[in-house]
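K.L.:
Okay, so here is upload-v5.pdb, and as you'll see once you scroll down, it has PDB, C-alpha atoms.
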MODEL        1
ATOM      1  CA  MET A 162    -118.311  46.945-107.605  1.00  0.00           C
ATOM      2  CA  PRO A 163    -121.808  47.785-108.931  1.00  0.00           C
ATOM      3  CA  GLU A 164    -121.931  49.244-112.417  1.00  0.00           C
ATOM      4  CA  VAL A 165    -124.502  51.340-114.270  1.00  0.00           C
ATOM      5  CA  ARG A 166    -125.116  52.312-117.897  1.00  0.00           C
ATOM      6  CA  LEU A 167    -124.564  56.069-117.977  1.00  0.00           C
ATOM      7  CA  VAL A 168    -126.339  58.531-120.279  1.00  0.00           C
ATOM      8  CA  GLY A 169    -124.962  62.056-120.496  1.00  0.00           C
ATOM      9  CA  PRO A 170    -126.916  65.305-119.963  1.00  0.00           C
ATOM     10  CA  ASN A 171    -127.614  65.689-123.709  1.00  0.00           C
ATOM     11  CA  GLY A 172    -128.732  62.080-124.178  1.00  0.00           C
ATOM     12  CA  GLU A 173    -125.344  60.802-125.349  1.00  0.00           C
ATOM     13  CA  GLN A 174    -124.396  57.220-124.390  1.00  0.00           C
ATOM     14  CA  ILE A 175    -121.300  57.217-122.157  1.00  0.00           C
ATOM     15  CA  GLY A 176    -121.360  53.487-121.491  1.00  0.00           C
ATOM     16  CA  VAL A 177    -121.119  51.140-118.523  1.00  0.00           C
ATOM     17  CA  VAL A 178    -119.246  52.765-115.623  1.00  0.00           C
ATOM     18  CA  ARG A 179    -118.971  52.286-111.876  1.00  0.00           C
ATOM     19  CA  ILE A 180    -121.475  54.185-109.710  1.00  0.00           C
ATOM     20  CA  GLU A 181    -118.751  56.275-108.089  1.00  0.00           C
ATOM     21  CA  ALA A 182    -117.545  57.518-111.484  1.00  0.00           C
ATOM     22  CA  ALA A 183    -121.107  58.340-112.539  1.00  0.00           C
ATOM     23  CA  LEU A 184    -121.722  60.292-109.313  1.00  0.00           C
ATOM     24  CA  ARG A 185    -118.459  62.194-109.742  1.00  0.00           C
ATOM     25  CA  LEU A 186    -119.328  63.150-113.348  1.00  0.00           C
ATOM     26  CA  ALA A 187    -122.765  64.358-112.216  1.00  0.00           C
ATOM     27  CA  GLN A 188    -121.247  66.481-109.421  1.00  0.00           C
ATOM     28  CA  GLU A 189    -118.705  67.980-111.829  1.00  0.00           C
ATOM     29  CA  ALA A 190    -121.532  68.953-114.182  1.00  0.00           C
ATOM     30  CA  ASP A 191    -123.468  70.361-111.179  1.00  0.00           C
ATOM     31  CA  LEU A 192    -126.402  68.074-112.034  1.00  0.00           C
ATOM     32  CA  ASP A 193    -128.158  65.065-110.476  1.00  0.00           C
ATOM     33  CA  LEU A 194    -127.738  61.365-111.228  1.00  0.00           C
ATOM     34  CA  VAL A 195    -131.219  59.963-111.926  1.00  0.00           C
ATOM     35  CA  GLU A 196    -132.047  56.273-112.339  1.00  0.00           C
ATOM     36  CA  VAL A 197    -134.286  56.062-115.438  1.00  0.00           C
ATOM     37  CA  ALA A 198    -134.464  52.268-115.988  1.00  0.00           C
ATOM     38  CA  PRO A 199    -133.927  50.444-112.670  1.00  0.00           C
ATOM     39  CA  ASN A 200    -134.934  46.982-113.936  1.00  0.00           C
ATOM     40  CA  SER A 201    -132.466  46.691-116.812  1.00  0.00           C
ATOM     41  CA  LYS A 202    -129.076  44.980-116.373  1.00  0.00           C
ATOM     42  CA  PRO A 203    -127.073  47.053-115.594  1.00  0.00           C
ATOM     43  CA  PRO A 204    -129.472  49.825-114.445  1.00  0.00           C
ATOM     44  CA  VAL A 205    -129.607  52.923-116.657  1.00  0.00           C
ATOM     45  CA  VAL A 206    -128.822  56.287-115.040  1.00  0.00           C
ATOM     46  CA  LYS A 207    -128.799  59.746-116.588  1.00  0.00           C
ATOM     47  CA  ILE A 208    -127.053  62.953-115.627  1.00  0.00           C
ATOM     48  CA  MET A 209    -129.774  65.635-115.512  1.00  0.00           C
ATOM     49  CA  ASP A 210    -131.497  68.313-113.458  1.00  0.00           C
ATOM     50  CA  TYR A 211    -133.940  66.274-111.353  1.00  0.00           C
ATOM     51  CA  GLY A 212    -136.259  69.216-110.627  1.00  0.00           C
ATOM     52  CA  LYS A 213    -136.623  69.904-114.349  1.00  0.00           C
ATOM     53  CA  PHE A 214    -137.179  66.177-114.996  1.00  0.00           C
ATOM     54  CA  LYS A 215    -140.010  66.024-112.423  1.00  0.00           C
ATOM     55  CA  TYR A 216    -141.582  69.214-113.800  1.00  0.00           C
ATOM     56  CA  GLU A 217    -141.552  67.895-117.396  1.00  0.00           C
ATOM     57  CA  ALA A 218    -143.004  64.543-116.281  1.00  0.00           C
ATOM     58  CA  ALA A 219    -145.816  66.372-114.453  1.00  0.00           C
ATOM     59  CA  GLN A 220    -146.498  68.497-117.562  1.00  0.00           C
ATOM     60  CA  LYS A 221    -146.696  65.371-119.761  1.00  0.00           C
ATOM     61  CA  ALA A 222    -149.100  63.705-117.320  1.00  0.00           C
ATOM     62  CA  LYS A 223    -151.253  66.864-117.214  1.00  0.00           C
ATOM     63  CA  GLU A 224    -151.364  67.045-121.018  1.00  0.00           C
ATOM     64  CA  ALA A 225    -152.311  63.359-121.246  1.00  0.00           C
ATOM     65  CA  ARG A 226    -155.139  63.893-118.750  1.00  0.00           C
ATOM     66  CA  ARG A 227    -156.400  66.914-120.681  1.00  0.00           C
ATOM     67  CA  ASN A 228    -156.445  65.006-123.972  1.00  0.00           C
ATOM     68  CA  GLN A 229    -158.116  61.996-122.420  1.00  0.00           C
ATOM     69  CA  ALA A 230    -161.831  62.085-123.003  1.00  0.00           C
ATOM     70  CA  ASN A 231    -164.510  59.934-121.477  1.00  0.00           C
ATOM     71  CA  THR A 232    -167.167  58.585-123.793  1.00  0.00           C
ATOM     72  CA  VAL A 233    -170.567  59.213-122.291  1.00  0.00           C
ATOM     73  CA  LEU A 234    -173.724  57.213-122.923  1.00  0.00           C
ATOM     74  CA  LYS A 235    -176.420  59.703-123.935  1.00  0.00           C
ATOM     75  CA  GLU A 236    -180.038  58.654-123.983  1.00  0.00           C
ATOM     76  CA  VAL A 237    -182.773  59.396-126.539  1.00  0.00           C
ATOM     77  CA  ARG A 238    -186.274  58.236-125.593  1.00  0.00           C
ATOM     78  CA  PHE A 239    -189.113  57.512-128.007  1.00  0.00           C
ATOM     79  CA  ARG A 240    -192.726  56.444-127.789  1.00  0.00           C
ATOM     80  CA  LEU A 241    -193.980  53.856-130.236  1.00  0.00           C
ATOM     81  CA  LYS A 242    -196.446  56.386-131.694  1.00  0.00           C
ATOM     82  CA  ILE A 243    -194.028  59.289-132.231  1.00  0.00           C
ATOM     83  CA  ASP A 244    -194.908  62.231-134.442  1.00  0.00           C
ATOM     84  CA  GLU A 245    -192.636  62.820-137.470  1.00  0.00           C
ATOM     85  CA  HIS A 246    -191.461  66.221-136.217  1.00  0.00           C
ATOM     86  CA  ASP A 247    -190.664  64.841-132.751  1.00  0.00           C
ATOM     87  CA  TYR A 248    -188.787  61.972-134.381  1.00  0.00           C
ATOM     88  CA  GLU A 249    -186.686  64.432-136.441  1.00  0.00           C
ATOM     89  CA  THR A 250    -185.870  66.428-133.296  1.00  0.00           C
ATOM     90  CA  LYS A 251    -184.706  63.266-131.501  1.00  0.00           C
ATOM     91  CA  ARG A 252    -182.692  62.190-134.566  1.00  0.00           C
ATOM     92  CA  LYS A 253    -180.897  65.553-134.771  1.00  0.00           C
ATOM     93  CA  ARG A 254    -180.168  65.403-131.040  1.00  0.00           C
ATOM     94  CA  ALA A 255    -178.674  61.908-131.427  1.00  0.00           C
ATOM     95  CA  GLU A 256    -176.575  63.022-134.416  1.00  0.00           C
ATOM     96  CA  GLY A 257    -175.151  65.834-132.290  1.00  0.00           C
ATOM     97  CA  PHE A 258    -174.198  63.346-129.564  1.00  0.00           C
ATOM     98  CA  LEU A 259    -172.570  61.002-132.100  1.00  0.00           C
ATOM     99  CA  LYS A 260    -170.658  63.870-133.763  1.00  0.00           C
ATOM    100  CA  SER A 261    -169.193  64.835-130.399  1.00  0.00           C
ATOM    101  CA  GLY A 262    -168.032  61.239-129.847  1.00  0.00           C
ATOM    102  CA  ASP A 263    -170.666  60.037-127.373  1.00  0.00           C
ATOM    103  CA  LYS A 264    -172.599  56.772-127.558  1.00  0.00           C
ATOM    104  CA  VAL A 265    -176.361  56.998-127.938  1.00  0.00           C
ATOM    105  CA  LYS A 266    -178.814  54.722-126.162  1.00  0.00           C
ATOM    106  CA  ALA A 267    -182.078  54.776-128.117  1.00  0.00           C
ATOM    107  CA  MET A 268    -184.969  53.667-125.931  1.00  0.00           C
ATOM    108  CA  ILE A 269    -188.610  53.038-126.782  1.00  0.00           C
ATOM    109  CA  LEU A 270    -191.035  53.196-123.869  1.00  0.00           C
ATOM    110  CA  PHE A 271    -193.975  50.789-124.274  1.00  0.00           C
ATOM    111  CA  ARG A 272    -197.326  51.459-122.639  1.00  0.00           C
ATOM    112  CA  GLY A 273    -200.182  49.028-122.090  1.00  0.00           C
ATOM    113  CA  ARG A 274    -201.025  47.004-125.184  1.00  0.00           C
ATOM    114  CA  GLU A 275    -198.001  48.375-127.053  1.00  0.00           C
ATOM    115  CA  GLN A 276    -195.957  45.722-125.208  1.00  0.00           C
ATOM    116  CA  SER A 277    -197.632  43.047-127.317  1.00  0.00           C
ATOM    117  CA  ARG A 278    -196.151  44.601-130.505  1.00  0.00           C
ATOM    118  CA  PRO A 279    -192.343  44.533-130.065  1.00  0.00           C
ATOM    119  CA  GLU A 280    -191.826  44.158-133.831  1.00  0.00           C
ATOM    120  CA  GLN A 281    -193.048  47.757-134.284  1.00  0.00           C
ATOM    121  CA  GLY A 282    -190.420  48.895-131.790  1.00  0.00           C
ATOM    122  CA  VAL A 283    -187.714  46.981-133.651  1.00  0.00           C
ATOM    123  CA  ARG A 284    -188.852  48.571-136.917  1.00  0.00           C
ATOM    124  CA  LEU A 285    -188.687  52.084-135.406  1.00  0.00           C
ATOM    125  CA  LEU A 286    -185.216  51.499-133.909  1.00  0.00           C
ATOM    126  CA  ARG A 287    -183.914  50.051-137.207  1.00  0.00           C
ATOM    127  CA  LYS A 288    -185.216  53.143-139.049  1.00  0.00           C
ATOM    128  CA  PHE A 289    -183.501  55.322-136.435  1.00  0.00           C
ATOM    129  CA  ALA A 290    -180.210  53.395-136.859  1.00  0.00           C
ATOM    130  CA  ASP A 291    -180.398  53.822-140.657  1.00  0.00           C
ATOM    131  CA  ASP A 292    -181.068  57.554-140.283  1.00  0.00           C
ATOM    132  CA  VAL A 293    -177.969  58.126-138.105  1.00  0.00           C
ATOM    133  CA  ALA A 294    -175.755  55.582-139.943  1.00  0.00           C
ATOM    134  CA  GLU A 295    -173.363  58.248-141.288  1.00  0.00           C
ATOM    135  CA  PHE A 296    -172.471  59.251-137.702  1.00  0.00           C
ATOM    136  CA  GLY A 297    -172.479  55.900-135.885  1.00  0.00           C
ATOM    137  CA  THR A 298    -172.976  52.150-136.042  1.00  0.00           C
ATOM    138  CA  VAL A 299    -175.220  49.845-134.038  1.00  0.00           C
ATOM    139  CA  GLU A 300    -173.272  48.454-131.098  1.00  0.00           C
ATOM    140  CA  SER A 301    -176.073  46.406-129.548  1.00  0.00           C
ATOM    141  CA  ASN A 302    -179.195  45.365-131.442  1.00  0.00           C
ATOM    142  CA  PRO A 303    -182.678  46.179-130.120  1.00  0.00           C
ATOM    143  CA  LYS A 304    -183.586  44.106-127.080  1.00  0.00           C
ATOM    144  CA  VAL A 305    -186.503  44.185-124.680  1.00  0.00           C
ATOM    145  CA  ASP A 306    -185.679  45.423-121.187  1.00  0.00           C
ATOM    146  CA  GLY A 307    -188.817  45.270-119.039  1.00  0.00           C
ATOM    147  CA  ARG A 308    -191.338  47.700-120.541  1.00  0.00           C
ATOM    148  CA  ASN A 309    -188.651  49.267-122.745  1.00  0.00           C
ATOM    149  CA  MET A 310    -186.726  48.351-125.865  1.00  0.00           C
ATOM    150  CA  VAL A 311    -183.103  49.490-125.980  1.00  0.00           C
ATOM    151  CA  MET A 312    -180.468  49.823-128.716  1.00  0.00           C
ATOM    152  CA  VAL A 313    -176.975  51.344-128.398  1.00  0.00           C
ATOM    153  CA  ILE A 314    -175.278  53.215-131.260  1.00  0.00           C
ATOM    154  CA  ALA A 315    -171.535  53.896-131.096  1.00  0.00           C
ATOM    155  CA  PRO A 316    -169.964  56.903-132.881  1.00  0.00           C
ATOM    156  CA  HIS A 317    -167.567  56.426-135.808  1.00  0.00           C
ATOM    157  CA  LYS A 318    -165.020  58.760-134.162  1.00  0.00           C
ATOM    158  CA  ASN A 319    -164.129  58.349-130.515  1.00  0.00           C
ATOM    159  CA  LYS A 320    -164.196  61.282-128.111  1.00  0.00           C
ATOM    160  CA  SER A 321    -160.441  61.948-128.134  1.00  0.00           C
ATOM    161  CA  GLU A 322    -160.334  62.101-131.974  1.00  0.00           C
ATOM    162  CA  VAL A 323    -163.170  64.638-131.941  1.00  0.00           C
ATOM    163  CA  LYS A 324    -161.414  66.656-129.234  1.00  0.00           C
ATOM    164  CA  THR A 325    -158.131  66.644-131.192  1.00  0.00           C
ATOM    165  CA  GLU A 326    -159.942  67.863-134.331  1.00  0.00           C
ATOM    166  CA  GLN A 327    -161.677  70.625-132.361  1.00  0.00           C
ATOM    167  CA  ASN A 328    -158.363  71.768-130.847  1.00  0.00           C
ATOM    168  CA  ALA A 329    -156.749  71.829-134.316  1.00  0.00           C
ATOM    169  CA  GLN A 330    -159.655  73.873-135.727  1.00  0.00           C
ATOM    170  CA  ARG A 331    -159.476  76.284-132.798  1.00  0.00           C
ATOM    171  CA  ALA A 332    -155.728  76.742-133.276  1.00  0.00           C
ATOM    172  CA  ALA A 333    -156.173  77.301-137.028  1.00  0.00           C
ATOM    173  CA  SER A 334    -158.875  79.933-136.493  1.00  0.00           C
ATOM    174  CA  LYS A 335    -156.742  81.722-133.883  1.00  0.00           C
ATOM    175  CA  GLN A 336    -153.807  81.726-136.314  1.00  0.00           C
ATOM    176  CA  ALA A 337    -156.032  83.099-139.106  1.00  0.00           C
ATOM    177  CA  ALA A 338    -157.291  85.836-136.780  1.00  0.00           C
ATOM    178  CA  ARG A 339    -153.709  86.765-135.839  1.00  0.00           C
ATOM    179  CA  GLU A 340    -152.690  86.928-139.504  1.00  0.00           C
ATOM    180  CA  ALA A 341    -155.720  89.051-140.367  1.00  0.00           C
ATOM    181  CA  LYS A 342    -154.911  91.398-137.495  1.00  0.00           C
ATOM    182  CA  ALA A 343    -151.262  91.617-138.594  1.00  0.00           C
ATOM    183  CA  SER A 344    -152.221  92.413-142.198  1.00  0.00           C
ATOM    184  CA  THR A 345    -154.586  95.217-141.120  1.00  0.00           C
ATOM    185  CA  ALA A 346    -151.892  96.707-138.871  1.00  0.00           C
ATOM    186  CA  GLU A 347    -149.473  97.095-141.779  1.00  0.00           C
TER     187      GLU A 347
ENDMDL
END
Mind turning the file's structure into structure tokens?

P.N.:
Amino acid sequence: MPEVRLVGPNGEQIGVVRIEAALRLAQEADLDLVEVAPNSKPPVVKIMDYGKFKYEAAQKAKEARRNQANTVLKEVRFRLKIDEHDYETKRKRAEGFLKSGDKVKAMILFRGREQSRPEQGVRLLRKFADDVAEFGTVESNPKVDGRNMVMVIAPHKNKSEVKTEQNAQRAASKQAAREAKASTAE
């Protein structure tokens, strides 16, 4: 006769029993017999409410999807002869991307004779990498791509870490607001 390892409704180990006995125990408890580990020897079954089990599994999957974050490659474009103020604007924009957990692709567009001076492009990209070093590290060094020079900078914190921190801050500020409201109501 086939046997299964039975787990009770509260997670307690009942042991290895015959399938018929497990089914009878589940019917007596007015619950379902659910196979939770089909590949183990003998298979593991649990006495539980199957509808509740499916609902909780769907909730866990939904939560995992919500916390999953996709890292995006954001682009910042420069010219070789960039004004200091424009450079600062681009740098601040890149820092914002890196803080939010996105990668930054820094690109220099060469025009005409500028293509004969790639070392100036490398110098500008290295300066840019040094300026944003507290927010990210160079993932791919400057390389020429047609008329452009490209460098990728990866953030120190990945997107999901940033999202988790933001959620924690949001929860803390909501809690503080509730406490402040409660203290003024007294």

K.L.:
Residues within 10 Å of Ala315 in chain A, please, as a PyMOL selection string. Count all atoms listed in the file; anything in the same chain fewer than 2 positions from it doesn't count.

P.N.:
chain A and resi 232+234+258-259+262-266+294+296-301+313+317-319

K.L.:
List the residues matched by the PyMOL selection byres ((chain A and resi 278-286) around 8) in the displayed structure as number ranges by chain, ordered by chain and then by residue number.

P.N.:
A: 241, 267, 269, 274-277, 287-290, 303, 305, 310, 312

K.L.:
Of the candidates A:Gly307, A:Pro203, A:Gly273, A:Gly212, which shows the shortest atom-to-atom distance to Arg166 in chain A, using only C-alpha atoms?

P.N.:
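For Arg166 in chain A, the nearest of the given residues is A:Pro203.
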
K.L.:
Specify as a PyMOL selection string each residue included when the PyMOL selection byres ((chain A and resi 178) around 7) is applied to this file.

P.N.:
chain A and resi 164-167+176-177+179-180+182-183

K.L.:
Write out as a list in words which residues come within 6 Å of Val206 in chain A when counting all atoms listed in the file, dropping same-chain ones fewer than 5 positions away.

P.N.:
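Contacts, in chain order: Leu167, Val195, Glu196 and Val197 of chain A.
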
K.L.:
Hey, which of A:Glu256, A:Asp244, A:Glu326, A:Asp193 ends up closest to Ile314 in chain A? Count only C-alpha atoms.

P.N.:
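Using only C-alpha atoms, Ile314 in chain A sits closest to A:Glu256.
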
K.L.:
Taking the file as I've supplied it (selection: the PyMOL selection byres ((chain A and resi 252) around 10)), which residues are included? Please answer as a PyMOL selection string.

P.N.:
chain A and resi 237+246-251+253-258+267+289-290+292-293

K.L.:
To one decimal in Å, tell me the separation between CA of Ser334 in chain A and CA of Glu224 in chain A.

P.N.:
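These atoms are spaced 21.5 Å apart.
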
K.L.:
Quick one: pull the distance between CA of Ile208 in chain A and CA of Gly169 in chain A, Å, one decimal.

P.N.:
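It comes out at 5.4 Å.
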
K.L.:
Calculated over all atoms listed in the file, which of the candidates A:Val168, A:Ser261, A:Lys235, A:Ala218 has the smallest distance to Glu322 in chain A?

P.N.:
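Of the candidates, the smallest distance to Glu322 in chain A is held by A:Ser261.
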
K.L.:
Looking at all atoms listed in the file, which of A:Gln174, A:Gln220, A:Asn309, A:Ser344 is the one that sits closest to Lys207 in chain A?

P.N.:
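Of A:Gln174, A:Gln220, A:Asn309, A:Ser344, the one nearest Lys207 in chain A is A:Gln174, counting all atoms listed in the file.
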
K.L.:
Can you fill out range 220-256 of chain A with N, CA and C atoms and hand it back as an mmCIF file, keeping the file's coordinate frame?

P.N.:
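As written to disk, rebuild39.cif reads:
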data_model
loop_
_atom_site.group_PDB
_atom_site.id
_atom_site.type_symbol
_atom_site.label_atom_id
_atom_site.label_comp_id
_atom_site.auth_asym_id
_atom_site.auth_seq_id
_atom_site.Cartn_x
_atom_site.Cartn_y
_atom_site.Cartn_z
ATOM 1 N N GLN A 220 -145.855 67.830 -116.420
ATOM 2 C CA GLN A 220 -146.498 68.497 -117.562
ATOM 3 C C GLN A 220 -147.035 67.478 -118.558
ATOM 4 N N LYS A 221 -146.243 66.416 -118.830
ATOM 5 C CA LYS A 221 -146.696 65.371 -119.761
ATOM 6 C C LYS A 221 -147.937 64.679 -119.216
ATOM 7 N N ALA A 222 -147.947 64.374 -117.926
ATOM 8 C CA ALA A 222 -149.100 63.705 -117.320
ATOM 9 C C ALA A 222 -150.331 64.605 -117.396
ATOM 10 N N LYS A 223 -150.145 65.906 -117.169
ATOM 11 C CA LYS A 223 -151.253 66.864 -117.214
ATOM 12 C C LYS A 223 -151.827 66.938 -118.627
ATOM 13 N N GLU A 224 -150.937 66.986 -119.613
ATOM 14 C CA GLU A 224 -151.364 67.045 -121.018
ATOM 15 C C GLU A 224 -152.128 65.782 -121.394
ATOM 16 N N ALA A 225 -151.637 64.624 -120.935
ATOM 17 C CA ALA A 225 -152.311 63.359 -121.246
ATOM 18 C C ALA A 225 -153.709 63.340 -120.628
ATOM 19 N N ARG A 226 -153.831 63.849 -119.395
ATOM 20 C CA ARG A 226 -155.139 63.893 -118.750
ATOM 21 C C ARG A 226 -156.090 64.828 -119.488
ATOM 22 N N ARG A 227 -155.547 65.952 -119.983
ATOM 23 C CA ARG A 227 -156.400 66.914 -120.681
ATOM 24 C C ARG A 227 -156.898 66.338 -122.004
ATOM 25 N N ASN A 228 -156.047 65.569 -122.679
ATOM 26 C CA ASN A 228 -156.445 65.006 -123.972
ATOM 27 C C ASN A 228 -157.297 63.759 -123.830
ATOM 28 N N GLN A 229 -157.299 63.179 -122.635
ATOM 29 C CA GLN A 229 -158.116 61.996 -122.420
ATOM 30 C C GLN A 229 -159.567 62.442 -122.357
ATOM 31 N N ALA A 230 -160.426 61.712 -123.011
ATOM 32 C CA ALA A 230 -161.831 62.085 -123.003
ATOM 33 C C ALA A 230 -162.668 60.863 -122.672
ATOM 34 N N ASN A 231 -163.652 61.047 -121.851
ATOM 35 C CA ASN A 231 -164.510 59.934 -121.477
ATOM 36 C C ASN A 231 -165.731 59.920 -122.377
ATOM 37 N N THR A 232 -165.983 58.739 -122.970
ATOM 38 C CA THR A 232 -167.167 58.585 -123.793
ATOM 39 C C THR A 232 -168.363 58.453 -122.864
ATOM 40 N N VAL A 233 -169.377 59.209 -123.138
ATOM 41 C CA VAL A 233 -170.567 59.213 -122.291
ATOM 42 C C VAL A 233 -171.698 58.523 -123.043
ATOM 43 N N LEU A 234 -172.562 57.849 -122.308
ATOM 44 C CA LEU A 234 -173.724 57.213 -122.923
ATOM 45 C C LEU A 234 -174.902 58.175 -122.794
ATOM 46 N N LYS A 235 -175.300 58.764 -123.926
ATOM 47 C CA LYS A 235 -176.420 59.703 -123.935
ATOM 48 C C LYS A 235 -177.686 58.927 -124.284
ATOM 49 N N GLU A 236 -178.794 59.389 -123.783
ATOM 50 C CA GLU A 236 -180.038 58.654 -123.983
ATOM 51 C C GLU A 236 -181.040 59.468 -124.799
ATOM 52 N N VAL A 237 -181.703 58.789 -125.745
ATOM 53 C CA VAL A 237 -182.773 59.396 -126.539
ATOM 54 C C VAL A 237 -183.983 58.485 -126.365
ATOM 55 N N ARG A 238 -185.083 59.048 -125.860
ATOM 56 C CA ARG A 238 -186.274 58.236 -125.593
ATOM 57 C C ARG A 238 -187.371 58.512 -126.609
ATOM 58 N N PHE A 239 -188.005 57.421 -127.051
ATOM 59 C CA PHE A 239 -189.113 57.512 -128.007
ATOM 60 C C PHE A 239 -190.361 56.890 -127.398
ATOM 61 N N ARG A 240 -191.491 57.204 -128.002
ATOM 62 C CA ARG A 240 -192.726 56.444 -127.789
ATOM 63 C C ARG A 240 -192.948 55.701 -129.090
ATOM 64 N N LEU A 241 -193.713 54.640 -129.024
ATOM 65 C CA LEU A 241 -193.980 53.856 -130.236
ATOM 66 C C LEU A 241 -194.729 54.712 -131.265
ATOM 67 N N LYS A 242 -195.694 55.508 -130.787
ATOM 68 C CA LYS A 242 -196.446 56.386 -131.694
ATOM 69 C C LYS A 242 -195.833 57.778 -131.603
ATOM 70 N N ILE A 243 -194.705 57.993 -132.284
ATOM 71 C CA ILE A 243 -194.028 59.289 -132.231
ATOM 72 C C ILE A 243 -194.363 60.077 -133.491
ATOM 73 N N ASP A 244 -194.609 61.348 -133.324
ATOM 74 C CA ASP A 244 -194.908 62.231 -134.442
ATOM 75 C C ASP A 244 -193.639 62.431 -135.274
ATOM 76 N N GLU A 245 -193.790 62.669 -136.562
ATOM 77 C CA GLU A 245 -192.636 62.820 -137.470
ATOM 78 C C GLU A 245 -191.703 63.949 -137.027
ATOM 79 N N HIS A 246 -192.277 65.085 -136.636
ATOM 80 C CA HIS A 246 -191.461 66.221 -136.217
ATOM 81 C C HIS A 246 -190.683 65.897 -134.938
ATOM 82 N N ASP A 247 -191.341 65.235 -133.990
ATOM 83 C CA ASP A 247 -190.664 64.841 -132.751
ATOM 84 C C ASP A 247 -189.533 63.862 -133.053
ATOM 85 N N TYR A 248 -189.809 62.948 -133.984
ATOM 86 C CA TYR A 248 -188.787 61.972 -134.381
ATOM 87 C C TYR A 248 -187.561 62.693 -134.952
ATOM 88 N N GLU A 249 -187.797 63.682 -135.828
ATOM 89 C CA GLU A 249 -186.686 64.432 -136.441
ATOM 90 C C GLU A 249 -185.870 65.167 -135.376
ATOM 91 N N THR A 250 -186.568 65.733 -134.378
ATOM 92 C CA THR A 250 -185.870 66.428 -133.296
ATOM 93 C C THR A 250 -184.966 65.462 -132.537
ATOM 94 N N LYS A 251 -185.490 64.283 -132.224
ATOM 95 C CA LYS A 251 -184.706 63.266 -131.501
ATOM 96 C C LYS A 251 -183.521 62.806 -132.353
ATOM 97 N N ARG A 252 -183.766 62.634 -133.664
ATOM 98 C CA ARG A 252 -182.692 62.190 -134.566
ATOM 99 C C ARG A 252 -181.563 63.211 -134.602
ATOM 100 N N LYS A 253 -181.917 64.501 -134.734
ATOM 101 C CA LYS A 253 -180.897 65.553 -134.771
ATOM 102 C C LYS A 253 -180.118 65.602 -133.469
ATOM 103 N N ARG A 254 -180.811 65.412 -132.352
ATOM 104 C CA ARG A 254 -180.168 65.403 -131.040
ATOM 105 C C ARG A 254 -179.148 64.250 -130.970
ATOM 106 N N ALA A 255 -179.553 63.084 -131.436
ATOM 107 C CA ALA A 255 -178.674 61.908 -131.427
ATOM 108 C C ALA A 255 -177.469 62.123 -132.342
ATOM 109 N N GLU A 256 -177.690 62.743 -133.507
ATOM 110 C CA GLU A 256 -176.575 63.022 -134.416
ATOM 111 C C GLU A 256 -175.562 63.938 -133.752
#
